[in-house]
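See below for input_24.cif, which holds mmCIF, C-alpha atoms, pLDDT in the B column; chains and numbers go by the auth columns.
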```cif
data_target
#
loop_
_atom_site.group_PDB
_atom_site.id
_atom_site.type_symbol
_atom_site.label_atom_id
_atom_site.label_comp_id
_atom_site.label_asym_id
_atom_site.label_seq_id
_atom_site.Cartn_x
_atom_site.Cartn_y
_atom_site.Cartn_z
_atom_site.B_iso_or_equiv
_atom_site.auth_seq_id
_atom_site.auth_asym_id
ATOM 1 C CA PHE A 1 16.556 20.633 2.779 40.00 83 A
ATOM 2 C CA GLU A 2 19.073 23.286 1.900 46.00 84 A
ATOM 3 C CA GLU A 3 16.909 25.148 -0.600 49.00 85 A
ATOM 4 C CA SER A 4 13.296 26.189 -1.030 50.00 86 A
ATOM 5 C CA ALA A 5 11.102 24.871 -3.863 49.00 87 A
ATOM 6 C CA TYR A 6 8.211 26.589 -5.613 46.00 88 A
ATOM 7 C CA GLN A 7 5.442 24.975 -7.620 49.00 89 A
ATOM 8 C CA PHE A 8 3.298 26.974 -10.062 45.00 90 A
ATOM 9 C CA VAL A 9 -0.386 26.372 -9.409 49.00 91 A
ATOM 10 C CA GLY A 10 -2.159 28.728 -11.804 48.00 92 A
ATOM 11 C CA GLY A 11 -3.450 32.167 -12.504 46.00 93 A
ATOM 12 C CA SER A 12 -5.886 34.138 -14.653 45.00 94 A
ATOM 13 C CA ALA A 13 -5.700 37.142 -16.923 45.00 95 A
ATOM 14 C CA GLY A 14 -5.138 40.310 -14.930 53.00 96 A
ATOM 15 C CA SER A 15 -4.203 38.476 -11.721 59.00 97 A
ATOM 16 C CA PRO A 16 -0.804 37.357 -10.423 60.00 98 A
ATOM 17 C CA ALA A 17 0.326 33.756 -10.736 64.00 99 A
ATOM 18 C CA THR A 18 -0.180 31.493 -7.718 62.00 100 A
ATOM 19 C CA PHE A 19 2.591 29.367 -6.232 63.00 101 A
ATOM 20 C CA GLU A 20 2.933 26.699 -3.568 66.00 102 A
ATOM 21 C CA ALA A 21 6.183 26.834 -1.617 69.00 103 A
ATOM 22 C CA ILE A 22 8.134 24.249 0.385 72.00 104 A
ATOM 23 C CA PHE A 23 10.705 25.961 2.604 76.00 105 A
ATOM 24 C CA SER A 24 13.890 24.325 3.828 79.00 106 A
ATOM 25 C CA ASN A 25 14.321 23.152 7.416 84.00 107 A
ATOM 26 C CA PRO A 26 18.018 22.775 8.340 87.00 108 A
ATOM 27 C CA ASN A 27 17.046 21.064 11.615 88.00 109 A
ATOM 28 C CA LEU A 28 15.132 18.227 9.947 88.00 110 A
ATOM 29 C CA GLN A 29 16.442 14.772 10.903 89.00 111 A
ATOM 30 C CA PRO A 30 15.862 11.465 9.062 89.00 112 A
ATOM 31 C CA GLU A 31 13.370 8.992 10.462 86.00 113 A
ATOM 32 C CA GLN A 32 14.737 6.053 12.416 90.00 114 A
ATOM 33 C CA VAL A 33 12.974 2.713 12.927 91.00 115 A
ATOM 34 C CA GLU A 34 13.497 -0.251 15.226 94.00 116 A
ATOM 35 C CA ALA A 35 11.694 -3.365 13.960 95.00 117 A
ATOM 36 C CA TYR A 36 10.920 -6.472 16.009 97.00 118 A
ATOM 37 C CA GLU A 37 9.288 -9.689 14.790 96.00 119 A
ATOM 38 C CA LEU A 38 8.591 -13.043 16.412 97.00 120 A
ATOM 39 C CA GLY A 39 7.114 -15.973 14.516 97.00 121 A
ATOM 40 C CA TYR A 40 6.191 -19.633 14.811 96.00 122 A
ATOM 41 C CA ARG A 41 5.614 -22.286 12.149 95.00 123 A
ATOM 42 C CA THR A 42 4.032 -25.680 12.674 94.00 124 A
ATOM 43 C CA GLU A 43 2.384 -28.553 10.832 91.00 125 A
ATOM 44 C CA LEU A 44 -0.958 -29.040 12.553 84.00 126 A
ATOM 45 C CA ILE A 45 -1.820 -32.217 10.696 86.00 127 A
ATOM 46 C CA PRO A 46 -0.272 -33.888 7.665 87.00 128 A
ATOM 47 C CA GLN A 47 -0.531 -31.678 4.550 90.00 129 A
ATOM 48 C CA THR A 48 -1.444 -28.593 6.631 94.00 130 A
ATOM 49 C CA SER A 49 0.978 -25.876 7.772 95.00 131 A
ATOM 50 C CA LEU A 50 0.399 -22.748 9.878 96.00 132 A
ATOM 51 C CA ASP A 51 2.578 -19.635 10.248 97.00 133 A
ATOM 52 C CA ILE A 52 2.000 -16.963 12.915 97.00 134 A
ATOM 53 C CA ALA A 53 4.144 -13.843 13.306 97.00 135 A
ATOM 54 C CA GLY A 54 3.789 -10.738 15.477 97.00 136 A
ATOM 55 C CA PHE A 55 5.637 -7.504 14.775 96.00 137 A
ATOM 56 C CA PHE A 56 6.297 -4.155 16.441 96.00 138 A
ATOM 57 C CA ASN A 57 7.934 -1.165 14.704 92.00 139 A
ATOM 58 C CA HIS A 58 9.041 1.886 16.677 92.00 140 A
ATOM 59 C CA TYR A 59 9.710 5.094 14.688 88.00 141 A
ATOM 60 C CA ASP A 60 11.729 8.049 15.978 89.00 142 A
ATOM 61 C CA ARG A 61 11.829 11.523 14.456 87.00 143 A
ATOM 62 C CA LEU A 62 8.699 11.069 12.350 82.00 144 A
ATOM 63 C CA VAL A 63 8.639 13.471 9.395 81.00 145 A
ATOM 64 C CA GLN A 64 5.490 15.543 8.829 78.00 146 A
ATOM 65 C CA ASN A 65 4.626 18.156 6.231 74.00 147 A
ATOM 66 C CA ILE A 66 2.982 21.252 7.752 74.00 148 A
ATOM 67 C CA ASP A 67 1.244 24.128 5.940 69.00 149 A
ATOM 68 C CA TYR A 68 1.176 27.805 6.885 64.00 150 A
ATOM 69 C CA PHE A 69 -1.614 29.025 4.568 58.00 151 A
ATOM 70 C CA ASN A 70 -0.400 32.599 4.254 60.00 152 A
ATOM 71 C CA ILE A 71 -0.734 34.778 1.182 57.00 153 A
ATOM 72 C CA VAL A 72 2.539 36.646 0.728 64.00 154 A
ATOM 73 C CA PRO A 73 4.454 38.022 -2.274 64.00 155 A
ATOM 74 C CA SER A 74 6.502 35.370 -4.050 61.00 156 A
ATOM 75 C CA PRO A 75 10.302 35.797 -3.967 61.00 157 A
ATOM 76 C CA LEU A 76 10.190 34.858 -7.645 59.00 158 A
ATOM 77 C CA GLY A 77 8.248 38.010 -8.422 61.00 159 A
ATOM 78 C CA ASN A 78 4.959 38.543 -10.297 62.00 160 A
ATOM 79 C CA GLY A 79 2.999 36.200 -8.062 64.00 161 A
ATOM 80 C CA VAL A 80 1.745 35.279 -4.616 64.00 162 A
ATOM 81 C CA ILE A 81 2.254 32.251 -2.357 59.00 163 A
ATOM 82 C CA ASP A 82 -1.042 30.960 -0.997 58.00 164 A
ATOM 83 C CA ASP A 83 0.220 27.671 0.501 59.00 165 A
ATOM 84 C CA GLU A 84 3.522 27.679 2.322 64.00 166 A
ATOM 85 C CA GLY A 85 4.923 24.640 4.030 74.00 167 A
ATOM 86 C CA THR A 86 7.916 22.792 5.379 79.00 168 A
ATOM 87 C CA PHE A 87 8.844 19.429 6.892 82.00 169 A
ATOM 88 C CA VAL A 88 9.366 18.966 10.636 84.00 170 A
ATOM 89 C CA ASN A 89 10.106 16.117 13.036 84.00 171 A
ATOM 90 C CA LEU A 90 7.409 14.778 15.358 81.00 172 A
ATOM 91 C CA PRO A 91 7.745 12.572 18.470 81.00 173 A
ATOM 92 C CA ALA A 92 8.052 8.814 18.176 84.00 174 A
ATOM 93 C CA GLY A 93 5.278 6.627 16.790 85.00 175 A
ATOM 94 C CA ASP A 94 4.537 2.898 16.742 90.00 176 A
ATOM 95 C CA ILE A 95 2.874 0.362 14.471 90.00 177 A
ATOM 96 C CA TRP A 96 2.164 -3.221 15.502 94.00 178 A
ATOM 97 C CA GLY A 97 0.259 -6.236 14.315 96.00 179 A
ATOM 98 C CA VAL A 98 0.069 -9.951 13.590 97.00 180 A
ATOM 99 C CA GLU A 99 0.212 -12.028 10.408 97.00 181 A
ATOM 100 C CA VAL A 100 -1.305 -15.499 10.009 97.00 182 A
ATOM 101 C CA SER A 101 -0.985 -17.776 6.990 97.00 183 A
ATOM 102 C CA ALA A 102 -1.987 -21.362 6.321 96.00 184 A
ATOM 103 C CA LYS A 103 -1.486 -23.866 3.507 95.00 185 A
ATOM 104 C CA VAL A 104 -3.690 -26.916 3.063 95.00 186 A
ATOM 105 C CA ASN A 105 -3.191 -29.715 0.551 94.00 187 A
ATOM 106 C CA ILE A 106 -6.755 -30.997 0.391 93.00 188 A
ATOM 107 C CA THR A 107 -5.808 -33.571 -2.253 93.00 189 A
ATOM 108 C CA ASP A 108 -2.838 -34.041 -4.540 89.00 190 A
ATOM 109 C CA SER A 109 -4.584 -31.892 -7.148 93.00 191 A
ATOM 110 C CA LEU A 110 -6.355 -29.318 -4.913 95.00 192 A
ATOM 111 C CA ARG A 111 -4.452 -26.872 -2.694 96.00 193 A
ATOM 112 C CA LEU A 112 -5.546 -23.874 -0.627 97.00 194 A
ATOM 113 C CA ALA A 113 -3.522 -20.958 0.773 97.00 195 A
ATOM 114 C CA LEU A 114 -4.928 -18.369 3.218 97.00 196 A
ATOM 115 C CA GLY A 115 -3.402 -15.237 4.692 97.00 197 A
ATOM 116 C CA TYR A 116 -4.564 -12.565 7.145 97.00 198 A
ATOM 117 C CA SER A 117 -2.805 -9.491 8.509 96.00 199 A
ATOM 118 C CA TYR A 118 -3.912 -7.119 11.262 96.00 200 A
ATOM 119 C CA GLN A 119 -1.978 -3.922 11.974 92.00 201 A
ATOM 120 C CA ASN A 120 -2.610 -0.812 14.023 90.00 202 A
ATOM 121 C CA ASP A 121 -0.767 2.387 14.920 86.00 203 A
ATOM 122 C CA ASP A 122 -0.805 5.107 17.533 83.00 204 A
ATOM 123 C CA SER A 123 -1.930 8.709 17.107 76.00 205 A
ATOM 124 C CA ASN A 124 1.587 10.056 16.524 75.00 206 A
ATOM 125 C CA LEU A 125 2.080 7.837 13.486 75.00 207 A
ATOM 126 C CA LEU A 126 -1.334 8.780 12.112 71.00 208 A
ATOM 127 C CA VAL A 127 -0.672 12.513 12.508 70.00 209 A
ATOM 128 C CA ALA A 128 2.641 12.141 10.644 68.00 210 A
ATOM 129 C CA THR A 129 0.836 10.988 7.498 70.00 211 A
ATOM 130 C CA ASN A 130 -0.585 13.350 4.919 64.00 212 A
ATOM 131 C CA ALA A 131 -1.393 13.734 1.241 59.00 213 A
ATOM 132 C CA VAL A 132 2.309 14.214 0.408 60.00 214 A
ATOM 133 C CA ILE A 133 3.842 11.373 2.432 63.00 215 A
ATOM 134 C CA GLY A 134 0.914 8.949 2.212 66.00 216 A
ATOM 135 C CA ALA A 135 -1.341 7.031 4.596 71.00 217 A
ATOM 136 C CA PRO A 136 -0.661 4.158 7.007 76.00 218 A
ATOM 137 C CA PRO A 137 -1.692 0.678 5.814 80.00 219 A
ATOM 138 C CA PRO A 138 -5.247 -0.548 6.448 87.00 220 A
ATOM 139 C CA ASN A 139 -5.935 -2.457 9.650 90.00 221 A
ATOM 140 C CA ASN A 140 -7.151 -5.611 7.912 95.00 222 A
ATOM 141 C CA LEU A 141 -5.762 -7.462 4.896 96.00 223 A
ATOM 142 C CA PHE A 142 -6.896 -10.894 3.722 97.00 224 A
ATOM 143 C CA ASN A 143 -6.086 -13.131 0.775 97.00 225 A
ATOM 144 C CA ALA A 144 -7.056 -16.608 -0.369 98.00 226 A
ATOM 145 C CA ARG A 145 -5.703 -18.669 -3.273 97.00 227 A
ATOM 146 C CA VAL A 146 -6.942 -21.934 -4.724 97.00 228 A
ATOM 147 C CA TYR A 147 -4.823 -24.168 -6.994 96.00 229 A
ATOM 148 C CA PHE A 148 -6.508 -26.993 -8.890 96.00 230 A
ATOM 149 C CA ASP A 149 -4.933 -29.443 -11.341 95.00 231 A
ATOM 150 C CA PRO A 150 -7.855 -31.191 -13.077 92.00 232 A
ATOM 151 C CA VAL A 151 -5.538 -33.138 -15.392 92.00 233 A
ATOM 152 C CA GLN A 152 -1.810 -33.490 -15.792 89.00 234 A
ATOM 153 C CA ALA A 153 -0.071 -30.381 -17.229 92.00 235 A
ATOM 154 C CA LEU A 154 -3.109 -28.140 -16.581 95.00 236 A
ATOM 155 C CA GLU A 155 -3.491 -25.812 -13.566 95.00 237 A
ATOM 156 C CA LEU A 156 -6.431 -23.564 -12.626 96.00 238 A
ATOM 157 C CA ASN A 157 -5.790 -20.699 -10.185 95.00 239 A
ATOM 158 C CA THR A 158 -8.150 -18.360 -8.351 96.00 240 A
ATOM 159 C CA ALA A 159 -7.143 -15.555 -6.001 97.00 241 A
ATOM 160 C CA PHE A 160 -9.199 -13.324 -3.705 97.00 242 A
ATOM 161 C CA TYR A 161 -7.844 -10.200 -1.961 96.00 243 A
ATOM 162 C CA TYR A 162 -9.491 -7.919 0.596 96.00 244 A
ATOM 163 C CA ASP A 163 -8.176 -4.538 1.803 93.00 245 A
ATOM 164 C CA GLY A 164 -9.882 -2.786 4.730 92.00 246 A
ATOM 165 C CA ASP A 165 -10.503 0.950 5.045 88.00 247 A
ATOM 166 C CA THR A 166 -7.468 3.216 4.631 82.00 248 A
ATOM 167 C CA VAL A 167 -7.533 6.494 6.595 78.00 249 A
ATOM 168 C CA LEU A 168 -5.538 9.519 5.435 73.00 250 A
ATOM 169 C CA TYR A 169 -4.913 12.235 8.020 69.00 251 A
ATOM 170 C CA ASP A 170 -3.656 15.638 6.854 64.00 252 A
ATOM 171 C CA PRO A 171 -3.156 18.958 8.717 60.00 253 A
ATOM 172 C CA ASP A 172 -5.385 20.468 6.041 62.00 254 A
ATOM 173 C CA PRO A 173 -8.929 19.185 6.751 62.00 255 A
ATOM 174 C CA THR A 174 -9.807 19.447 3.042 62.00 256 A
ATOM 175 C CA ALA A 175 -7.103 16.885 2.213 61.00 257 A
ATOM 176 C CA ARG A 176 -8.276 14.232 4.704 65.00 258 A
ATOM 177 C CA GLY A 177 -10.115 11.204 3.443 71.00 259 A
ATOM 178 C CA ILE A 178 -10.980 7.538 3.756 77.00 260 A
ATOM 179 C CA LEU A 179 -10.498 4.937 1.063 79.00 261 A
ATOM 180 C CA GLN A 180 -13.330 2.477 1.521 84.00 262 A
ATOM 181 C CA SER A 181 -12.520 -1.215 1.738 89.00 263 A
ATOM 182 C CA PHE A 182 -12.406 -3.129 -1.527 91.00 264 A
ATOM 183 C CA TYR A 183 -11.859 -6.652 -2.775 93.00 265 A
ATOM 184 C CA ARG A 184 -10.279 -8.116 -5.882 94.00 266 A
ATOM 185 C CA VAL A 185 -10.748 -11.411 -7.722 96.00 267 A
ATOM 186 C CA ASP A 186 -8.221 -12.899 -10.156 97.00 268 A
ATOM 187 C CA ALA A 187 -8.386 -16.164 -12.104 97.00 269 A
ATOM 188 C CA GLY A 188 -6.040 -17.901 -14.462 97.00 270 A
ATOM 189 C CA ILE A 189 -5.254 -21.089 -16.341 97.00 271 A
ATOM 190 C CA THR A 190 -1.782 -22.460 -17.001 96.00 272 A
ATOM 191 C CA TRP A 191 -0.861 -25.186 -19.488 95.00 273 A
ATOM 192 C CA LYS A 192 2.529 -26.924 -19.262 94.00 274 A
ATOM 193 C CA PRO A 193 2.906 -29.192 -22.312 92.00 275 A
ATOM 194 C CA THR A 194 6.568 -29.838 -21.475 92.00 276 A
ATOM 195 C CA ALA A 195 8.903 -29.142 -18.561 88.00 277 A
ATOM 196 C CA ASP A 196 10.379 -26.191 -20.480 92.00 278 A
ATOM 197 C CA LEU A 197 7.257 -24.655 -22.018 95.00 279 A
ATOM 198 C CA GLU A 198 4.422 -22.888 -20.212 95.00 280 A
ATOM 199 C CA LEU A 199 1.401 -20.928 -21.469 96.00 281 A
ATOM 200 C CA ALA A 200 -0.762 -18.915 -19.053 96.00 282 A
ATOM 201 C CA VAL A 201 -3.873 -16.737 -19.467 97.00 283 A
ATOM 202 C CA TRP A 202 -5.009 -14.531 -16.568 96.00 284 A
ATOM 203 C CA GLY A 203 -7.922 -12.261 -15.783 97.00 285 A
ATOM 204 C CA GLN A 204 -7.443 -9.606 -13.081 95.00 286 A
ATOM 205 C CA ASN A 205 -9.982 -7.520 -11.129 95.00 287 A
ATOM 206 C CA LEU A 206 -12.805 -9.674 -12.440 95.00 288 A
ATOM 207 C CA GLN A 207 -15.177 -8.341 -9.758 94.00 289 A
ATOM 208 C CA GLY A 208 -15.468 -5.029 -11.647 91.00 290 A
ATOM 209 C CA ASP A 209 -14.257 -1.432 -11.451 90.00 291 A
ATOM 210 C CA HIS A 210 -12.999 -0.101 -8.127 85.00 292 A
ATOM 211 C CA THR A 211 -10.663 2.536 -6.671 83.00 293 A
ATOM 212 C CA GLU A 212 -7.425 1.736 -4.823 79.00 294 A
ATOM 213 C CA THR A 213 -6.073 5.278 -4.319 74.00 295 A
ATOM 214 C CA LEU A 214 -7.006 8.010 -1.857 70.00 296 A
ATOM 215 C CA VAL A 215 -8.484 11.299 -3.015 65.00 297 A
ATOM 216 C CA SER A 216 -6.646 14.463 -1.984 60.00 298 A
ATOM 217 C CA ASP A 217 -5.952 17.972 -3.219 56.00 299 A
ATOM 218 C CA ARG A 218 -2.827 16.619 -4.961 58.00 300 A
ATOM 219 C CA LEU A 219 -4.012 13.244 -6.246 62.00 301 A
ATOM 220 C CA LEU A 220 -6.934 12.150 -8.363 70.00 302 A
ATOM 221 C CA PRO A 221 -8.496 8.743 -7.685 72.00 303 A
ATOM 222 C CA THR A 222 -7.420 5.969 -10.042 79.00 304 A
ATOM 223 C CA THR A 223 -10.030 3.492 -11.231 86.00 305 A
ATOM 224 C CA VAL A 224 -8.862 -0.089 -11.643 90.00 306 A
ATOM 225 C CA VAL A 225 -10.758 -2.026 -14.319 93.00 307 A
ATOM 226 C CA PRO A 226 -10.837 -5.714 -15.286 95.00 308 A
ATOM 227 C CA ASN A 227 -8.001 -6.765 -17.580 95.00 309 A
ATOM 228 C CA PHE A 228 -6.651 -9.877 -19.249 96.00 310 A
ATOM 229 C CA TYR A 229 -3.183 -10.947 -20.317 95.00 311 A
ATOM 230 C CA GLY A 230 -1.342 -13.966 -21.699 96.00 312 A
ATOM 231 C CA GLN A 231 2.165 -15.156 -20.937 95.00 313 A
ATOM 232 C CA LEU A 232 4.395 -17.607 -22.760 96.00 314 A
ATOM 233 C CA THR A 233 7.435 -18.938 -20.899 95.00 315 A
ATOM 234 C CA ALA A 234 10.156 -21.006 -22.571 94.00 316 A
ATOM 235 C CA ARG A 235 13.165 -22.337 -20.649 91.00 317 A
ATOM 236 C CA TYR A 236 16.350 -23.558 -22.283 86.00 318 A
#
```

Let's see the structure in the file written out as structure tokens.
Amino acid sequence: FEESAYQFVGGSAGSPATFEAIFSNPNLQPEQVEAYELGYRTELIPQTSLDIAGFFNHYDRLVQNIDYFNIVPSPLGNGVIDDEGTFVNLPAGDIWGVEVSAKVNITDSLRLALGYSYQNDDSNLLVATNAVIGAPPPNNLFNARVYFDPVQALELNTAFYYDGDTVLYDPDPTARGILQSFYRVDAGITWKPTADLELAVWGQNLQGDHTETLVSDRLLPTTVVPNFYGQLTARY
């Protein structure tokens, strides 16, 4: 941060152009993280495995973007600055959670995989997030996958994903928001006529349209729609 940056926002006939400015902060320090993880894996019964892992991440010198909201003449001339800002360091923040996954071979041709993740953070980490840097991950994530081989060389796959609410904090109240929880369903079929040839057809987001991005003054929401694709793999 040795220089200042200016972004042109807009203007109208007879009025000066409007700029947003990010000013340098020579005292800004990079974030530092200490990550700890402890896990355990076991086979509960034959054909069934379970993985459990807990984690704790400690962040020092969190970086936050702050706004001044002053209207002053632009150093570039012929304009005004209506949104000034810079980046500063905040106190330490923490994020912690647990991840659980399981695999079950119900039969030789039917397999199931499950995964769940819970994570949380303290107020310092939440305050450090904004529309520029992004939001912390949702508290709850879940996924389930089913693999079924009805006949030799043919595999059917189904996947389900769930993302909990995502909360975006920003110093500017107009930029704060919540991305509501959503789920996603994928399905595919794979044919393997030989050991070196594979043909797959997949459908993604089959549950319908949904949004996976937060709304802010800098970002427009992106709508994810169902889509299909094919893939041919040849090994030699």

All residues 7 Å or closer to range 176-181 of chain A, all atoms listed in the file, same chain fewer than 2 positions away omitted, as number ranges by chain: A: 134-141, 183, 198-204, 207

Dump C-alpha atoms for the selected residues as a PDB file, keeping the file's coordinate frame?
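Final output, selection-v9.pdb:
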```
ATOM      1  CA  ILE A 134       2.000 -16.963  12.915  1.00 97.00           C
ATOM      2  CA  ALA A 135       4.144 -13.843  13.306  1.00 97.00           C
ATOM      3  CA  GLY A 136       3.789 -10.738  15.477  1.00 97.00           C
ATOM      4  CA  PHE A 137       5.637  -7.504  14.775  1.00 96.00           C
ATOM      5  CA  PHE A 138       6.297  -4.155  16.441  1.00 96.00           C
ATOM      6  CA  ASN A 139       7.934  -1.165  14.704  1.00 92.00           C
ATOM      7  CA  HIS A 140       9.041   1.886  16.677  1.00 92.00           C
ATOM      8  CA  TYR A 141       9.710   5.094  14.688  1.00 88.00           C
ATOM      9  CA  SER A 183      -0.985 -17.776   6.990  1.00 97.00           C
ATOM     10  CA  TYR A 198      -4.564 -12.565   7.145  1.00 97.00           C
ATOM     11  CA  SER A 199      -2.805  -9.491   8.509  1.00 96.00           C
ATOM     12  CA  TYR A 200      -3.912  -7.119  11.262  1.00 96.00           C
ATOM     13  CA  GLN A 201      -1.978  -3.922  11.974  1.00 92.00           C
ATOM     14  CA  ASN A 202      -2.610  -0.812  14.023  1.00 90.00           C
ATOM     15  CA  ASP A 203      -0.767   2.387  14.920  1.00 86.00           C
ATOM     16  CA  ASP A 204      -0.805   5.107  17.533  1.00 83.00           C
ATOM     17  CA  LEU A 207       2.080   7.837  13.486  1.00 75.00           C
TER      18      LEU A 207
END
```

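Atom pair CA of Ser205 in chain A / CA of Val182 in chain A has a distance of 25.2 Å (rounded to one decimal).
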
Neighbour residues at most 9 Å from (14.9, 24.2, 10.2) (all atoms listed in the file) as JSON, numbers by chain: {"A": [83, 105, 106, 107, 108, 109, 110, 168, 169, 170]}

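What separates CA of Ile260 in chain A from CA of Asp247 in chain A is a distance of 6.7 Å.
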
Surrounding residues of Asn225 in chain A excluding itself and chain neighbours under 4 positions, 7 Å, only C-alpha atoms, as a ChimeraX atom specification: /A:196-198,242-244

Explicit residue set for the PyMOL selection byres ((chain A and resi 227) around 8), as a count of residues only: 11

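Residues in contact with Pro308 in chain A at 9 Å, where all atoms listed in the file are counted and same-chain residues fewer than 2 positions away are skipped, are listed as Gly285, Gln286, Asn287, Leu288, Gln289, Gly290, Asp291, Val306 and Phe310 of chain A.
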
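Nearest residue to Leu126 in chain A, choosing from A:Ile148, A:Leu296, A:Val186, A:Leu208 and counting only C-alpha atoms: A:Val186.
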
Target residues per the PyMOL selection byres ((chain A and resi 237) around 9), formatted as a ChimeraX atom specification: /A:191,229-236,238-239,270-274

Selection result for the PyMOL selection byres ((chain A and resi 145) around 8) on this file, as a ChimeraX atom specification: /A:112-113,143-144,146-147,169-172,210

Atoms to include: C-alpha atoms. Write the selected residues as a compact mmCIF listing (two decimals), in the coordinates of the input.
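Output saved as again_28.txt:
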```txt
# COMPACT_ATOMS: atom_id res chain seq x y z
CA PRO A 112 15.86 11.46 9.06
CA GLU A 113 13.37 8.99 10.46
CA ARG A 143 11.83 11.52 14.46
CA LEU A 144 8.70 11.07 12.35
CA GLN A 146 5.49 15.54 8.83
CA ASN A 147 4.63 18.16 6.23
CA PHE A 169 8.84 19.43 6.89
CA VAL A 170 9.37 18.97 10.64
CA ASN A 171 10.11 16.12 13.04
CA LEU A 172 7.41 14.78 15.36
CA ALA A 210 2.64 12.14 10.64
```

Specify the axis-aligned box that encloses all atoms of range 171-174 of chain A listed in the file after padding of 8 Å on each side, stating its centre and edge lengths in Å to one decimal as lines of an AutoDock Vina configuration file.
```
center_x = 8.8
center_y = 12.5
center_z = 15.8
size_x = 18.7
size_y = 23.3
size_z = 21.4
```

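Interatomic distance, CA of Tyr311 in chain A to CA of Gln262 in chain A: 27.6 Å.
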
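Among the candidate residues A:His292, A:Asp190, A:Ala316, A:Asp142, the one lying nearest to Gln111 in chain A is A:Asp142, with distances computed using only C-alpha atoms.
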
Polymer residues at most 7 Å from Ala217 in chain A, all atoms listed in the file, same-chain spacing of 6 or more positions, as a list in words: Thr211, Val249 and Leu250 of chain A

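The residue that comes closest to Thr130 in chain A, out of A:Trp284, A:Lys185, A:Arg193, A:Thr248 and on the basis of only C-alpha atoms, is A:Lys185.
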
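Checking A:Tyr118, A:Gly175, A:Thr295, A:Ala184 one by one against Leu132 in chain A, counting all atoms listed in the file, you find the shortest gap at A:Ala184.
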
Selected residue of minimal separation from Val267 in chain A among A:Val115, A:Val307, A:Leu302, A:Val283, counting all atoms listed in the file: A:Val307
